[in-house]
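Presented below is the structure to which this report refers.
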Amino acid sequence: MSAAGTAPATEDRAVRVLLSKVGLDGHDRGAKVVSAMLRDAGMEVIYLGIHKTAEAIVRAALQEDVDVIGLSSLGGSHLAHGQQIIDLLRQSDCEHLPVVLGGTVPVEDIPRLEEIGIRAVLRPGSSREEIVGIVEDLGRRARAAI
Amino acid sequence: MTDDPTKALEQAYRQGATDNDSWSGIPCQGVYGPDDLSELDYQEALGDPGQFPYTRGIYPDMYRGRLWTKREVCGFGSGRDTNERMRFQIANGVSGLSIITDNNGSLGIDADHPMGITDAGTQGVSVSSLADFEELFAEVPIDRVSIAFDNSGLDAFSWMALYVAYAERHGIDPAKLRGTVQNDTLHFLYCGYGDSCPVDLGLKTSVDIIEYCTHHMPLWHTGNVNFYDLREQGLDAPQEVAFGFGNAIEYTEKALERGLDIDAFSARRSFYCSAHIDLFEEVAKIRAARRMWARIMRDDFGAKAERSLQFRFGAHTAGVSLTAVQPLNNVVRVAYQALAAVLAGAQSVHCCSYDEPIGLPTETSQGLAIRTQQILAHETGVTRVSDPLGGSYYIENLTNQIEARATAILATIKEQGGMGTAIRSGWVQRQIDEALLLREDEIEKGEKTIVGVNEYRQPPETETPGGFHAAPEGQGERLAATVRKLRAERDNAAVAKALRELHAQAQLGERHNLIPAMVAAAHANATIGEMLGTVRIALGHDYDPMGVLQPPAEIAA
């Protein structure tokens, strides 16, 4: 699943990522670690924090012109929250904007999340290489497609 | 690693221990001997189990007297869902109950809060009013079982009010209730609930609980200072102890300021610690904590009663150490961690279920966690002798080292003016943030091996062994509908009257205890969002911690 090199090269601007959590789940350790990883890899990260509505996340993503949305979910509501974000992106004609979801997700739910339109699911224990590679790749492809 | 099986076998055969520092970075020698303990005075530093400074345990007979309380944290969906699971636990041999509220409850909002409907009941039981307690405790003999409430923020305040009201409604004298409310509002700031429980409000409600229970519920533990959640953030063992004690000292000082006698309330204080993966370090950590607490209570607070000096603790195996990949490996991790807790002399133990990094526990996974405790209690023989590792050159040395490190950190906290100040200045948060990245770095660089994650990997599973817990479709909506129905059907004039009274009493000053007015509001079927919102607004905070709802007209300023 690596890496940045496989995507078509576009302008040199760093990939911009918005990370956040929908709803009441406050387990933010993962989101903080991933934010730091992506920043270390040279990406621009906007960490919106916990307790956000899906609307607030999509609005911020569009305003900030990000290339990828990252959702962290450790509360068991990943299907509902993932669906809300994808629906809102569709309504804004932004379904090309890739959404990555990380957190405590049973493997059985990964195909369901992919059906909804989540582009990648990262479970606990994913390596820095995997995380950075997937986000960077999706971000560059998304930008090239515009 | 090599692909050649012969070479791989040879490498595996020749491999030595790779990690010679403890999990907390304490360098360890290959062997310890009498020279490492030359200055140890048995009576002064250890004492027999049951004797000051309780390093070796708080009871002379430890588990021969009574085994640890076997609890498994429980809470999901409605009161009825959780009640069913509790009965399953009882049928399978737990010896105490432990209930956790959902995020709505933790934040102090109801199931029908516009921001919380999707998540209601997902990470704990949904409780918005006394009606939910009726379902939750149906046919549970609350005057005869010990129940732990894992409520730490303002939810501790609302749950105590609901519990007292529930007991009264059923003709049970609250003085007979046994159990624990976590009531650690300071640590709550670091548990992912944002600023839903501001420091001043948290300290006020925490001390209200301590004061109320000291006078009216003598068997109830008024707080279970939570080391565990701090450790889960990535802090090391000495930090866990020091930060936890920093918080515990803050509550103790506030309770004294309220006018309580140190020995009157300290007998019913307790702690909730992590049982992490570094077996000997964890045992040493607890032994150090017992010694430190006894001396802090005697020397700094002048406590005299034996129970005030004793560090009573429940242990929670380390959720953060578990892995989502190869999840059955977690059964083994949990067993070692529970062993550490018991070798350290825990008063109660919660074993994580192996599917903790995947979701809430299923009956299968939680059943196995209960059996893990039972095998430990009844097959391994570890219950025979008090403090079985006491006197080990290594353990005593490690105990001393952890105590020295934790004492130094605690001194830094005191220099800053105590934990309240260290929290407000952001110092605590910085320590946590640094620790978090340090832990991640260790794993990534391979300094710490996590089997299945950075070593011994295998292709990902395609299904969760034993199945997984999924919240039923539409659960949040159903829970929200129950609260809306309650609002429509209850005597709203009585609710308004109770909330006005609570609001008025909250303005009578910091020292005025609000539990009785909260209990009255609970009897009137006010919701937790309404009760806590009323207290919040009366004490100068937003009515709604999420900043969405407006206060009802009867209490709006």
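In the structure tokens, each chain is lettered A, B, ... as it comes, each chain's residues begin at 1, and ligands are numbered from 1 in order of appearance.
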Interface list for chain A, partner chain B, 9 Å threshold, only C-alpha atoms, as a PyMOL selection string: chain A and resi 23-29+32-33+36+50-53+74-77+80-81+103-108+123-128
Those residues with C-alpha atoms, as a short mmCIF file (atom, residue, chain, number, x, y, z; two decimals), in the first residue's frame please?
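Result saved to selection.cif:
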```
data_model
loop_
_atom_site.label_atom_id
_atom_site.label_comp_id
_atom_site.auth_asym_id
_atom_site.auth_seq_id
_atom_site.Cartn_x
_atom_site.Cartn_y
_atom_site.Cartn_z
CA GLY A 23 -19.63 13.00 18.43
CA LEU A 24 -18.90 12.34 22.08
CA ASP A 25 -16.08 9.80 21.99
CA GLY A 26 -13.08 11.46 23.57
CA HIS A 27 -10.33 8.85 23.12
CA ASP A 28 -7.94 11.27 21.44
CA ARG A 29 -4.60 9.59 21.97
CA LYS A 32 -2.86 13.10 18.50
CA VAL A 33 -0.24 10.50 17.61
CA ALA A 36 2.24 14.17 14.91
CA ILE A 50 -12.80 16.12 19.86
CA HIS A 51 -16.59 16.52 20.17
CA LYS A 52 -17.25 17.84 16.66
CA THR A 53 -20.40 17.43 14.63
CA LEU A 74 -12.96 4.54 19.26
CA GLY A 75 -16.51 4.68 20.47
CA GLY A 76 -18.23 2.11 18.30
CA SER A 77 -20.14 4.63 16.17
CA ALA A 80 -22.98 5.99 11.67
CA HIS A 81 -20.39 8.74 11.82
CA GLY A 103 -9.63 3.42 15.47
CA THR A 104 -11.23 0.46 17.16
CA VAL A 105 -13.09 -1.11 14.28
CA PRO A 106 -13.93 -4.82 14.09
CA VAL A 107 -12.42 -6.32 10.91
CA GLU A 108 -15.94 -7.34 9.93
CA ARG A 123 -6.72 -0.14 12.96
CA PRO A 124 -4.66 0.19 16.13
CA GLY A 125 -1.16 -1.11 15.56
CA SER A 126 -0.88 0.30 12.03
CA SER A 127 2.71 1.40 11.44
CA ARG A 128 3.85 4.94 10.73
#
```
Helix (DSSP H, G or I) residues, from DSSP on the backbone, in chain A, as a ChimeraX atom specification: /A:4-6,29-40,54-63,78-91,107-116,128-145
Contacts of A:Ser20 within 6 Å, only C-alpha atoms, excl. fewer than 4 positions in-chain, as a count of residues only: 4
Separation of atom CA of B:Phe137 from atom CA of B:Ser98, in Å and rounded to one decimal: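 Atom CA of B:Ser98 lies at a distance of 12.1 Å from atom CA of B:Phe137.
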Shell around stretch 418-428 of chain B at 12 Å using only C-alpha atoms, local window under 4 positions removed, as a VMD selection string: chain B and resid 185 to 190 195 198 to 200 202 to 203 230 233 235 239 to 240 242 to 254 409 to 414 432 to 435
Atom-to-atom span, atom CA of B:Thr362 and atom CA of B:Val94, Å: 15.8 Å
Separation of atom CA of A:Leu138 from atom CA of A:Gly70, in Å and rounded to one decimal: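 One can read the atom CA of A:Leu138 to atom CA of A:Gly70 distance as 11.1 Å.
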Selection: 10 Å around stretch 501-506 of chain B, only C-alpha atoms, excl. self and same-chain fewer than 5 positions, as a count of residues only: 25
Nearest residue to A:Arg141 from the set A:Ala54, A:Val68, A:Leu38, A:Met43 (distances using only C-alpha atoms):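 Closest candidate: A:Val68.
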Near-A:Ile85 list (9 Å; only C-alpha atoms; drop same-chain fewer than 6 positions) as a ChimeraX atom specification: /A:22,54-55,57-58,99
Taking C-alpha atoms for each residue, export the selection above as a PDB file, in the first residue's frame.
```pdb
ATOM      1  CA  VAL A  22     -17.286  13.031  15.459  1.00  0.00           C
ATOM      2  CA  ALA A  54     -20.090  15.887  11.172  1.00  0.00           C
ATOM      3  CA  GLU A  55     -21.270  19.246   9.787  1.00  0.00           C
ATOM      4  CA  ILE A  57     -15.864  18.727  10.232  1.00  0.00           C
ATOM      5  CA  VAL A  58     -17.020  18.865   6.615  1.00  0.00           C
ATOM      6  CA  VAL A  99     -11.963  10.027   4.015  1.00  0.00           C
TER       7      VAL A  99
END
```
Best match for closeness to A:Ala142 among A:Leu97, A:Ala31, A:Ala56, A:Leu18, counting only C-alpha atoms: A:Leu97
Distance query stretch 295-301 of chain B at most 8 Å, only C-alpha atoms, self and fewer than 6 positions along chain excluded, as a list in words: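 Final neighbour list, sorted by chain and number: Pro53, Ile262, Ser308 and Leu309 of chain B.
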Selected residue of minimal separation from B:Ile109 among B:Ile90, B:Val332, B:Val320, B:Leu154, counting only C-alpha atoms: B:Leu154
Strand (DSSP E) per DSSP on the backbone: members of stretch 47-107 of chain A, as a list in words: Tyr47, Leu48, Gly49, Ile50, His51, Lys52, Val68, Ile69, Gly70, Leu71, Ser72, Ser73, Val99, Val100, Leu101, Gly102 and Gly103 of chain A
From B:Val73, B:Ala165, B:Val225, B:Val207, residue lying nearest B:Ile147 [only C-alpha atoms]: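 Among the listed residues, the smallest separation from B:Ile147 belongs to B:Val73.
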